[in-house]
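Q: See input_7.txt below, with compact mmCIF, C-alpha atoms and all ligand atoms.
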# COMPACT_ATOMS: atom_id res chain seq x y z
CA MET A 152 -45.22 54.84 64.55
CA SER A 153 -44.70 51.56 62.75
CA ARG A 154 -41.16 50.60 61.81
CA GLU A 155 -42.03 50.99 58.08
CA GLU A 156 -43.35 54.50 58.57
CA LEU A 157 -40.35 55.34 60.68
CA ARG A 158 -37.89 54.10 58.06
CA ASP A 159 -39.71 56.11 55.46
CA LEU A 160 -39.44 59.23 57.60
CA GLN A 161 -35.76 58.55 58.32
CA GLY A 162 -35.08 58.19 54.58
CA LYS A 163 -36.73 61.52 53.80
CA ARG A 164 -34.85 63.25 56.58
CA LEU A 165 -31.55 61.71 55.53
CA HIS A 166 -32.03 62.93 51.98
CA LYS A 167 -32.61 66.48 53.23
CA LEU A 168 -29.66 66.26 55.57
CA VAL A 169 -27.26 65.13 52.87
CA ASP A 170 -28.46 67.95 50.66
CA LEU A 171 -27.86 70.40 53.49
CA VAL A 172 -24.32 69.30 54.32
CA TYR A 173 -23.31 68.91 50.66
CA HIS A 174 -24.17 72.52 49.99
CA ASN A 175 -23.16 74.06 53.31
CA THR A 176 -20.31 72.09 54.86
CA PRO A 177 -17.19 72.10 52.68
CA PHE A 178 -15.78 69.18 54.68
CA TYR A 179 -18.69 66.90 53.71
CA ARG A 180 -18.85 68.14 50.14
CA ALA A 181 -15.18 67.28 49.70
CA LYS A 182 -15.65 63.85 51.24
CA MET A 183 -18.67 63.10 49.05
CA GLN A 184 -16.91 64.31 45.92
CA GLU A 185 -14.00 62.03 46.73
CA MET A 186 -16.47 59.15 46.86
CA ASP A 187 -18.27 60.28 43.71
CA LEU A 188 -21.49 60.79 45.63
CA LEU A 189 -24.22 63.33 44.93
CA PRO A 190 -27.05 64.19 47.34
CA ASP A 191 -29.51 62.51 44.97
CA ASP A 192 -27.72 59.19 45.41
CA ILE A 193 -29.14 59.08 48.92
CA ARG A 194 -32.83 58.34 48.61
CA THR A 195 -33.79 55.89 51.34
CA ILE A 196 -32.37 55.16 54.76
CA ASP A 197 -30.68 52.04 53.35
CA ASP A 198 -28.46 54.33 51.28
CA ILE A 199 -26.82 55.58 54.46
CA VAL A 200 -24.07 52.95 54.14
CA LYS A 201 -22.77 54.81 51.08
CA LEU A 202 -21.95 57.87 53.18
CA PRO A 203 -18.60 58.58 54.83
CA PHE A 204 -18.02 58.22 58.57
CA THR A 205 -17.18 61.20 60.75
CA THR A 206 -14.74 60.85 63.63
CA LYS A 207 -13.72 62.87 66.65
CA ALA A 208 -10.48 63.64 64.77
CA ASP A 209 -12.53 65.27 61.99
CA LEU A 210 -14.11 67.54 64.58
CA ARG A 211 -10.72 68.44 65.98
CA ASP A 212 -9.20 69.03 62.54
CA ASN A 213 -12.04 71.42 61.77
CA TYR A 214 -11.74 73.22 65.10
CA PRO A 215 -13.42 75.36 66.15
CA VAL A 216 -16.49 75.62 63.90
CA GLY A 217 -15.54 74.15 60.53
CA LEU A 218 -18.34 71.57 60.58
CA LEU A 219 -21.21 74.02 60.92
CA ALA A 220 -23.83 73.79 58.21
CA THR A 221 -25.19 77.27 58.92
CA PRO A 222 -23.64 80.72 59.21
CA MET A 223 -22.52 81.57 62.73
CA SER A 224 -25.38 84.10 62.94
CA GLU A 225 -27.87 81.20 63.02
CA ILE A 226 -26.10 79.54 65.98
CA VAL A 227 -27.75 80.43 69.28
CA ARG A 228 -25.77 78.21 71.67
CA ILE A 229 -22.34 76.62 71.89
CA HIS A 230 -21.24 73.72 74.06
CA ALA A 231 -17.86 72.05 74.26
CA SER A 232 -16.87 68.58 75.35
CA SER A 233 -14.00 68.19 77.76
CA GLY A 234 -11.53 66.87 75.23
CA THR A 235 -8.96 64.85 77.10
CA THR A 236 -6.31 65.38 74.44
CA GLY A 237 -5.82 68.13 71.89
CA ASN A 238 -8.47 70.63 70.91
CA PRO A 239 -11.77 70.54 72.77
CA THR A 240 -14.75 69.66 70.61
CA ILE A 241 -17.06 72.58 69.90
CA VAL A 242 -20.70 72.06 68.99
CA GLY A 243 -23.09 74.75 67.78
CA TYR A 244 -26.88 74.64 67.97
CA THR A 245 -29.51 76.54 66.01
CA TYR A 246 -32.74 77.55 67.70
CA ARG A 247 -34.42 74.61 65.99
CA ASP A 248 -31.78 72.20 67.31
CA LEU A 249 -32.49 73.35 70.85
CA GLU A 250 -36.19 72.74 70.30
CA ILE A 251 -35.50 69.18 69.22
CA TRP A 252 -33.17 68.69 72.17
CA LYS A 253 -35.69 69.75 74.77
CA GLU A 254 -38.31 67.65 73.02
CA VAL A 255 -36.22 64.46 73.30
CA ILE A 256 -35.43 65.16 76.96
CA ALA A 257 -39.12 65.70 77.66
CA ARG A 258 -39.80 62.35 75.99
CA ALA A 259 -37.23 60.71 78.23
CA LEU A 260 -38.74 62.24 81.35
CA THR A 261 -42.17 61.06 80.24
CA ALA A 262 -40.85 57.56 79.74
CA TYR A 263 -39.56 57.60 83.34
CA GLY A 264 -42.96 58.70 84.61
CA VAL A 265 -42.14 62.35 85.35
CA THR A 266 -45.13 64.66 84.93
CA ARG A 267 -45.96 68.35 85.38
CA GLY A 268 -46.49 67.78 89.09
CA ASP A 269 -42.85 66.83 89.64
CA ILE A 270 -39.94 68.96 90.79
CA VAL A 271 -36.71 67.82 89.17
CA SER A 272 -33.30 68.72 90.48
CA VAL A 273 -30.66 68.90 87.75
CA GLY A 274 -27.37 67.94 89.36
CA TYR A 275 -25.36 67.76 86.14
CA GLY A 276 -22.78 70.49 85.74
CA TYR A 277 -24.10 73.65 84.12
CA GLY A 278 -21.76 75.28 81.65
CA LEU A 279 -19.97 74.10 78.56
CA PHE A 280 -20.87 70.50 79.44
CA THR A 281 -24.20 69.55 77.82
CA GLY A 282 -25.65 67.75 80.85
CA GLY A 283 -26.91 70.68 82.92
CA LEU A 284 -28.48 72.98 80.37
CA GLY A 285 -29.65 70.06 78.25
CA ALA A 286 -31.65 68.44 81.03
CA HIS A 287 -32.77 71.83 82.33
CA TYR A 288 -34.70 72.91 79.25
CA GLY A 289 -36.24 69.46 78.85
CA VAL A 290 -37.74 69.62 82.34
CA GLU A 291 -39.20 73.05 81.62
CA HIS A 292 -40.50 71.94 78.24
CA LEU A 293 -42.36 69.10 79.89
CA GLY A 294 -43.92 71.59 82.29
CA ALA A 295 -42.41 70.11 85.44
CA THR A 296 -40.46 72.37 87.80
CA VAL A 297 -36.73 72.50 87.37
CA LEU A 298 -34.32 73.08 90.24
CA PRO A 299 -30.96 73.98 88.65
CA THR A 300 -28.71 72.77 91.47
CA SER A 301 -25.72 71.89 89.26
CA THR A 302 -22.76 70.24 91.00
CA GLY A 303 -20.82 71.43 93.98
CA ASN A 304 -22.87 72.44 96.96
CA THR A 305 -24.14 69.10 98.17
CA GLU A 306 -25.31 70.28 101.57
CA LYS A 307 -27.50 72.96 100.08
CA HIS A 308 -28.67 70.47 97.49
CA ILE A 309 -29.89 68.07 100.17
CA ARG A 310 -31.55 70.87 102.04
CA LEU A 311 -33.49 71.94 98.97
CA LEU A 312 -34.42 68.35 98.14
CA ARG A 313 -35.97 68.13 101.60
CA ASP A 314 -37.56 71.53 101.91
CA LEU A 315 -39.12 71.52 98.45
CA GLY A 316 -40.09 67.87 98.41
CA VAL A 317 -38.16 67.33 95.19
CA THR A 318 -39.39 64.19 93.39
CA GLY A 319 -36.94 63.77 90.53
CA ILE A 320 -33.19 64.04 90.07
CA ALA A 321 -30.89 64.01 87.07
CA CYS A 322 -27.14 63.61 87.58
CA THR A 323 -24.26 61.20 87.02
CA PRO A 324 -24.63 57.82 88.76
CA SER A 325 -21.48 58.58 90.73
CA TYR A 326 -22.96 61.83 91.99
CA ALA A 327 -26.14 60.01 93.00
CA LEU A 328 -24.03 57.75 95.21
CA TYR A 329 -22.17 60.70 96.63
CA LEU A 330 -25.44 62.38 97.46
CA ALA A 331 -26.70 59.23 99.17
CA GLU A 332 -23.57 59.12 101.28
CA ALA A 333 -23.84 62.78 102.20
CA LEU A 334 -27.45 62.21 103.21
CA HIS A 335 -26.43 59.34 105.43
CA LYS A 336 -23.66 61.42 106.99
CA GLN A 337 -26.23 64.01 108.01
CA GLY A 338 -28.17 61.28 109.79
CA LEU A 339 -30.88 61.33 107.13
CA SER A 340 -32.24 58.58 104.94
CA ALA A 341 -34.23 58.23 101.75
CA ASP A 342 -37.37 58.35 103.89
CA ASP A 343 -36.66 61.98 104.67
CA LEU A 344 -36.92 62.82 100.98
CA LYS A 345 -39.72 62.55 98.44
CA LEU A 346 -37.44 61.52 95.58
CA ARG A 347 -39.01 58.86 93.40
CA ILE A 348 -37.32 59.03 89.99
CA GLY A 349 -33.72 59.46 88.90
CA ALA A 350 -32.27 59.97 85.41
CA PHE A 351 -28.62 58.96 85.38
CA GLY A 352 -26.05 59.04 82.61
CA ALA A 353 -22.99 60.73 81.15
CA GLU A 354 -20.82 57.77 82.20
CA PRO A 355 -21.09 54.00 81.99
CA TRP A 356 -22.84 52.28 84.91
CA THR A 357 -23.96 48.75 85.59
CA GLU A 358 -27.14 46.95 86.60
CA ASN A 359 -25.62 46.40 90.04
CA MET A 360 -24.96 50.11 90.38
CA ARG A 361 -28.61 50.73 89.54
CA ARG A 362 -29.71 48.44 92.37
CA GLU A 363 -27.37 50.20 94.75
CA ILE A 364 -28.63 53.69 93.87
CA GLU A 365 -32.27 52.61 93.95
CA GLU A 366 -31.86 51.17 97.42
CA ARG A 367 -29.92 54.04 98.88
CA LEU A 368 -32.12 56.79 97.50
CA GLY A 369 -35.41 54.90 97.49
CA ILE A 370 -36.07 55.68 93.85
CA GLN A 371 -36.50 54.16 90.43
CA ALA A 372 -33.27 54.79 88.53
CA TYR A 373 -33.28 55.13 84.74
CA ASN A 374 -30.57 55.46 82.18
CA ILE A 375 -30.15 58.48 79.92
CA TYR A 376 -27.54 58.50 77.17
CA GLY A 377 -26.12 61.11 74.91
CA LEU A 378 -23.02 62.86 73.67
CA SER A 379 -22.32 66.45 72.84
CA GLU A 380 -21.24 65.84 69.25
CA ILE A 381 -24.71 64.47 68.49
CA MET A 382 -26.76 66.66 70.84
CA GLY A 383 -26.19 65.93 74.53
CA PRO A 384 -28.30 63.83 76.91
CA GLY A 385 -31.57 62.56 75.46
CA VAL A 386 -30.24 60.65 72.46
CA ALA A 387 -31.50 57.49 74.21
CA TYR A 388 -33.44 56.79 77.38
CA GLU A 389 -34.96 53.89 79.25
CA CYS A 390 -38.66 53.25 79.66
CA GLY A 391 -40.42 51.62 82.61
CA CYS A 392 -39.30 48.19 81.37
CA LYS A 393 -35.62 49.02 82.13
CA ASN A 394 -34.74 46.74 79.32
CA GLY A 395 -32.41 48.84 77.20
CA SER A 396 -32.57 52.49 76.17
CA HIS A 397 -34.85 53.64 73.36
CA ILE A 398 -33.00 55.75 70.81
CA ALA A 399 -34.90 58.82 69.58
CA GLU A 400 -34.53 57.37 66.12
CA ASP A 401 -36.59 59.98 64.32
CA HIS A 402 -33.73 62.38 65.10
CA PHE A 403 -30.68 60.15 65.57
CA TYR A 404 -30.15 57.21 63.26
CA PRO A 405 -28.10 54.38 64.79
CA GLU A 406 -25.87 51.75 63.19
CA ILE A 407 -23.47 49.26 64.75
CA ILE A 408 -20.08 48.71 63.14
CA HIS A 409 -17.03 46.62 63.85
CA PRO A 410 -14.75 48.98 65.79
CA GLU A 411 -11.67 47.98 63.83
CA THR A 412 -12.85 47.23 60.30
CA GLY A 413 -15.72 49.71 60.16
CA GLU A 414 -17.93 47.04 58.59
CA VAL A 415 -21.66 47.30 59.45
CA LEU A 416 -22.55 44.40 61.74
CA PRO A 417 -25.63 42.16 61.53
CA LEU A 418 -28.64 43.02 63.70
CA GLY A 419 -28.23 42.37 67.39
CA GLN A 420 -24.43 42.07 67.34
CA GLU A 421 -22.32 44.13 69.69
CA GLY A 422 -20.01 46.79 68.28
CA GLU A 423 -19.39 50.51 67.99
CA LEU A 424 -22.42 52.75 67.87
CA VAL A 425 -22.55 55.13 64.91
CA LEU A 426 -25.09 57.96 64.90
CA THR A 427 -26.37 60.28 62.18
CA THR A 428 -28.22 63.44 63.19
CA LEU A 429 -31.27 63.36 60.93
CA THR A 430 -32.76 66.73 61.84
CA LYS A 431 -29.98 68.93 63.19
CA THR A 432 -29.22 72.08 61.24
CA GLY A 433 -26.40 73.73 63.24
CA MET A 434 -23.71 71.06 63.21
CA PRO A 435 -25.26 67.98 61.64
CA LEU A 436 -23.02 64.92 61.51
CA LEU A 437 -23.06 62.00 59.10
CA ARG A 438 -22.33 58.58 60.59
CA TYR A 439 -20.48 59.83 63.65
CA ARG A 440 -18.35 57.13 65.30
CA THR A 441 -19.16 57.38 68.99
CA LYS A 442 -16.61 54.76 70.16
CA ASP A 443 -19.34 53.57 72.54
CA LEU A 444 -19.82 49.80 72.52
CA THR A 445 -23.34 48.40 72.57
CA ALA A 446 -25.89 46.32 70.62
CA LEU A 447 -29.30 47.25 69.18
CA HIS A 448 -32.57 45.36 69.53
CA TYR A 449 -35.44 45.96 67.14
CA ASP A 450 -38.13 43.71 68.62
CA LYS A 451 -41.05 45.59 70.09
CA CYS A 452 -40.66 46.67 73.71
CA SER A 453 -43.35 45.77 76.23
CA CYS A 454 -43.89 49.49 76.85
CA GLY A 455 -45.32 49.76 73.32
CA ARG A 456 -42.63 52.03 71.90
CA THR A 457 -41.40 50.89 68.49
CA LEU A 458 -38.10 52.75 68.84
CA VAL A 459 -35.02 50.54 68.79
CA ARG A 460 -33.46 49.66 72.16
CA MET A 461 -29.77 49.96 72.90
CA ASP A 462 -27.96 47.85 75.52
CA ARG A 463 -26.14 49.52 78.36
CA ILE A 464 -22.86 50.97 77.13
CA LEU A 465 -20.12 48.51 78.02
CA GLY A 466 -17.59 51.33 77.73
CA ARG A 467 -15.92 53.38 75.07
CA SER A 468 -13.65 51.41 72.78
CA ASP A 469 -10.85 53.65 74.06
CA ASP A 470 -11.75 52.82 77.72
CA MET A 471 -10.90 49.22 77.09
CA LEU A 472 -7.76 48.22 78.94
CA ILE A 473 -5.56 45.56 77.49
CA ILE A 474 -3.80 43.93 80.41
CA ARG A 475 -1.28 41.26 79.46
CA GLY A 476 -3.29 40.71 76.32
CA VAL A 477 -6.65 40.39 78.08
CA ASN A 478 -9.39 42.92 77.27
CA VAL A 479 -10.90 44.46 80.38
CA PHE A 480 -13.60 47.10 80.78
CA PRO A 481 -13.91 48.99 84.07
CA THR A 482 -17.65 48.20 84.02
CA GLN A 483 -16.86 44.47 84.31
CA ILE A 484 -14.91 45.17 87.47
CA GLU A 485 -17.68 47.35 88.84
CA SER A 486 -20.11 44.54 88.25
CA VAL A 487 -17.99 42.04 90.20
CA ILE A 488 -17.45 44.40 93.13
CA LEU A 489 -21.12 45.21 93.47
CA GLU A 490 -22.20 41.60 93.39
CA MET A 491 -20.42 41.17 96.70
CA PRO A 492 -22.07 42.71 99.73
CA GLU A 493 -18.74 43.50 101.37
CA PHE A 494 -17.77 46.33 99.02
CA GLU A 495 -18.73 49.91 98.41
CA PRO A 496 -19.30 51.01 94.82
CA HIS A 497 -16.12 53.08 95.00
CA TYR A 498 -13.00 51.83 93.29
CA LEU A 499 -9.93 52.89 91.40
CA LEU A 500 -7.86 50.99 88.86
CA LEU A 501 -4.15 51.71 88.70
CA VAL A 502 -2.51 50.36 85.61
CA ASP A 503 1.22 50.31 85.05
CA ARG A 504 3.95 48.42 83.26
CA LYS A 505 6.78 46.97 85.29
CA ASN A 506 9.63 44.92 83.77
CA ASN A 507 7.68 44.86 80.50
CA THR A 508 4.65 43.33 82.17
CA ASP A 509 1.31 45.06 82.63
CA THR A 510 0.12 45.36 86.19
CA MET A 511 -3.30 46.32 87.41
CA GLU A 512 -4.11 47.21 90.97
CA LEU A 513 -7.70 47.52 92.07
CA GLN A 514 -8.33 49.66 95.11
CA VAL A 515 -11.75 49.06 96.51
CA GLU A 516 -13.51 50.33 99.61
CA VAL A 517 -14.80 47.84 102.13
CA ARG A 518 -18.17 48.63 103.68
CA PRO A 519 -17.91 49.81 107.29
CA GLU A 520 -19.80 46.69 108.54
CA TYR A 521 -17.20 44.47 106.94
CA TYR A 522 -14.11 46.53 107.58
CA SER A 523 -11.98 44.97 110.27
CA ASP A 524 -8.66 45.32 112.05
CA GLU A 525 -8.26 41.59 112.01
CA ILE A 526 -5.79 40.87 109.31
CA ASN A 527 -7.06 37.34 108.69
CA LYS A 528 -10.55 38.55 107.93
CA MET A 529 -9.25 41.12 105.49
CA LEU A 530 -6.98 38.59 103.81
CA ALA A 531 -9.84 36.15 103.37
CA LEU A 532 -11.99 38.87 101.86
CA LYS A 533 -9.25 39.91 99.50
CA LYS A 534 -8.74 36.31 98.41
CA LYS A 535 -12.42 35.96 97.67
CA LEU A 536 -12.43 39.06 95.46
CA VAL A 537 -9.25 38.04 93.63
CA ALA A 538 -10.76 34.63 92.86
CA ARG A 539 -13.99 36.15 91.60
CA LEU A 540 -12.12 38.63 89.37
CA GLN A 541 -9.96 35.82 88.06
CA SER A 542 -12.98 33.78 87.08
CA VAL A 543 -14.88 36.67 85.45
CA LEU A 544 -11.99 38.45 83.73
CA GLY A 545 -9.59 35.56 83.27
CA LEU A 546 -6.93 37.76 84.76
CA GLY A 547 -5.01 38.04 87.99
CA VAL A 548 -5.66 41.43 89.57
CA ASP A 549 -3.76 42.86 92.54
CA VAL A 550 -6.38 43.90 95.02
CA ARG A 551 -5.90 46.49 97.72
CA LEU A 552 -8.73 46.78 100.20
CA VAL A 553 -9.03 50.31 101.48
CA GLU A 554 -10.95 51.94 104.30
CA PRO A 555 -14.45 53.24 103.81
CA ARG A 556 -14.48 56.77 102.32
CA SER A 557 -10.84 56.79 101.33
CA ILE A 558 -11.36 56.97 97.58
CA GLU A 559 -12.03 60.40 96.17
CA ARG A 560 -15.71 60.99 95.27
CA SER A 561 -16.74 62.56 92.03
CA VAL A 562 -19.54 65.01 91.36
CA GLY A 563 -19.30 64.85 87.59
CA LYS A 564 -18.02 62.02 85.46
CA ALA A 565 -16.06 59.61 87.64
CA LYS A 566 -12.44 58.94 86.82
CA ARG A 567 -11.82 55.35 87.78
CA VAL A 568 -8.76 54.40 85.78
CA ILE A 569 -5.25 55.74 86.09
CA ASP A 570 -3.11 54.27 83.37
CA ASN A 571 0.55 55.07 83.89
CA ARG A 572 1.83 52.91 81.07
CA LYS A 573 3.68 54.79 78.38
CA LEU A 574 2.31 53.03 75.36
P1 LIG B 1 -16.95 64.13 76.92
O1 LIG B 1 -16.69 63.66 75.53
O2 LIG B 1 -16.23 65.35 77.29
O3 LIG B 1 -16.91 63.08 77.95
P2 LIG B 1 -19.81 64.08 76.45
O4 LIG B 1 -20.84 64.58 77.36
O5 LIG B 1 -20.00 64.38 75.03
O6 LIG B 1 -18.45 64.69 76.94
O7 LIG B 1 -19.63 62.55 76.70
C1 LIG B 1 -20.39 61.63 75.99
C2 LIG B 1 -19.94 60.24 76.34
O8 LIG B 1 -20.29 59.92 77.68
C3 LIG B 1 -20.61 59.19 75.51
O9 LIG B 1 -19.99 59.03 74.25
C4 LIG B 1 -20.46 57.97 76.40
O10 LIG B 1 -19.17 57.41 76.28
C5 LIG B 1 -20.62 58.54 77.79
N1 LIG B 1 -22.01 58.38 78.22
C6 LIG B 1 -22.98 59.30 78.22
N2 LIG B 1 -24.14 58.79 78.73
C7 LIG B 1 -23.89 57.52 79.05
C8 LIG B 1 -24.66 56.45 79.60
N3 LIG B 1 -25.92 56.61 79.95
N4 LIG B 1 -24.06 55.26 79.78
C9 LIG B 1 -22.77 55.09 79.43
N5 LIG B 1 -21.98 56.04 78.91
C10 LIG B 1 -22.53 57.24 78.72
ZN ZN B 2 -39.78 50.43 76.19
Just give me the structure as structure tokens.
A:
Amino acid sequence: MSREELRDLQGKRLHKLVDLVYHNTPFYRAKMQEMDLLPDDIRTIDDIVKLPFTTKADLRDNYPVGLLATPMSEIVRIHASSGTTGNPTIVGYTYRDLEIWKEVIARALTAYGVTRGDIVSVGYGYGLFTGGLGAHYGVEHLGATVLPTSTGNTEKHIRLLRDLGVTGIACTPSYALYLAEALHKQGLSADDLKLRIGAFGAEPWTENMRREIEERLGIQAYNIYGLSEIMGPGVAYECGCKNGSHIAEDHFYPEIIHPETGEVLPLGQEGELVLTTLTKTGMPLLRYRTKDLTALHYDKCSCGRTLVRMDRILGRSDDMLIIRGVNVFPTQIESVILEMPEFEPHYLLLVDRKNNTDTMELQVEVRPEYYSDEINKMLALKKKLVARLQSVLGLGVDVRLVEPRSIERSVGKAKRVIDNRKL
């Protein structure tokens, strides 16, 4: 679809959406009345800037189901996001919403090169988390075979990958690494498997992490992005060009705003991603602030898709650590570690405040080939990493080199930062 046609379609869908929420979601009607807005004021997609933002706090304040735009009897599924503080976030889906969801996942799988002949193992957690069930129905919708392995039993997982000749896998990047390690531990390698494609998401990961996973599992690794408030995985996905993730813009309209001022930023600039669900009917959201930091690119992709491309998520604005006034994202640290052959992609950041000064300790695993009892070797390695971090982050980091396999592995979303500061 050309960009003009797409914008036209987005405008029509937005108009319908605003009409829906105005008449069915008291929260949005009140907000629009406050702003003196009527549904008919929203005619084209450019009018979207007139609409109010929605935040995670709005979802919590309307807990559990105050933001639904349909009676509960129309809701056929509920998911909930983990919710680190306060109420969890509940999302409700109509039958139609689920159809759109599986459609966008099937699109993503197609973009990765998955076809009906593939067997795809879904290693995202099944349950209230959107990853498992979301990916599951997309694989079926495409007509490929789904293997609902979920998280947990890695040994059995590997066995099934082998015995069935599984060709595709969807899980978190950290679980992919864990799986690769477990494979190695069993004396097996990527050559013992038929895996060729992986769809990884649900947490930020870097280009270096991609290289690592591709090598260890002998696959092509692609990004998949999403969040439960908007739908779940499948909001955006990479194509064969691995040059940013295409947003399924006919269903999810993206904007980039300044994370502090809320002002819409010029094209191409990095900021907070804001998404509007153009077609959802269960719990549609207007201009939802994702807190995810990225930039959008509208030039045509070499794959031929006209859908906008989103950069890798640098992190959530609330993942950003401010250490002695310097802004640091865990992904920057991951990138530094993985550029150096001596380290494993397993690390932990311990942040604290001592004598009114922020401290940050990075624990990182040394690869077995480089791990040594000789203190001088280890000191030299540590010095090298400290210098590299200093030059990339502009910050002195206390580094602690730890033995291979000493940092706890994660099967779901990795937790890499422990911030003990009482701010
Ligand atoms: P929770 O809020 O409980 O973590 P969600 O599944 O809704 O549960 O999490 C969505 C968030 O996960 C996104 O807002 C984003 O921060 C992160 N995320 C999901 N996919 C990716 C991805 N491919 N790259 C980076 N971050 C991602
Ligand atoms: Zn593309």
Q: Nearest to Ala220 of chain A: which of A:Asp170, A:Glu254, A:Glu306, A:Glu414 is it, counting only C-alpha atoms?
A: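 The closest residue to Ala220 of chain A is A:Asp170.
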Q: Smallest atom-to-atom distance to ligand ZN 2 (chain B): which of A:Tyr263, A:Tyr439, A:Trp252, A:Tyr246, using all atoms listed in the file?
A: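 Of the candidates, the smallest distance to ligand ZN 2 (chain B) is held by A:Tyr263.
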Q: Using all atoms listed in the file, can you tell me which of A:Val502, A:Ile526, A:Ile199, A:Cys392 comes closest to Arg158 of chain A?
A: A:Ile199
Q: When distances are computed from all atoms listed in the file, which of A:Gln420, A:Asn359, A:Thr412, A:Ser396 shows the smallest separation from ligand LIG 1 (chain B)?
A: A:Ser396
Q: Taking all listed atoms of ligand LIG 1 (chain B), build the axis-aligned box, pad each of the six sides by 4 Å, then write its centre and edge lengths in Å to one decimal as lines of an AutoDock Vina configuration file.
A:
center_x = -21.1
center_y = 60.2
center_z = 77.1
size_x = 17.7
size_y = 18.3
size_z = 13.7
Q: Which neighbours of Leu472 of chain A fall inside 10 Å, counting all atoms listed in the file, when residues of the same chain fewer than 2 positions from it are skipped, and could you give them as number ranges by chain?
A: A: 468-470, 474-481, 502, 511, 568, 570
Q: What gap, in Å, lies between atom CA of Arg247 of chain A and atom CA of Lys182 of chain A?
A: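 Answer for the atom CA of Arg247 of chain A to atom CA of Lys182 of chain A separation: 26.2 Å.
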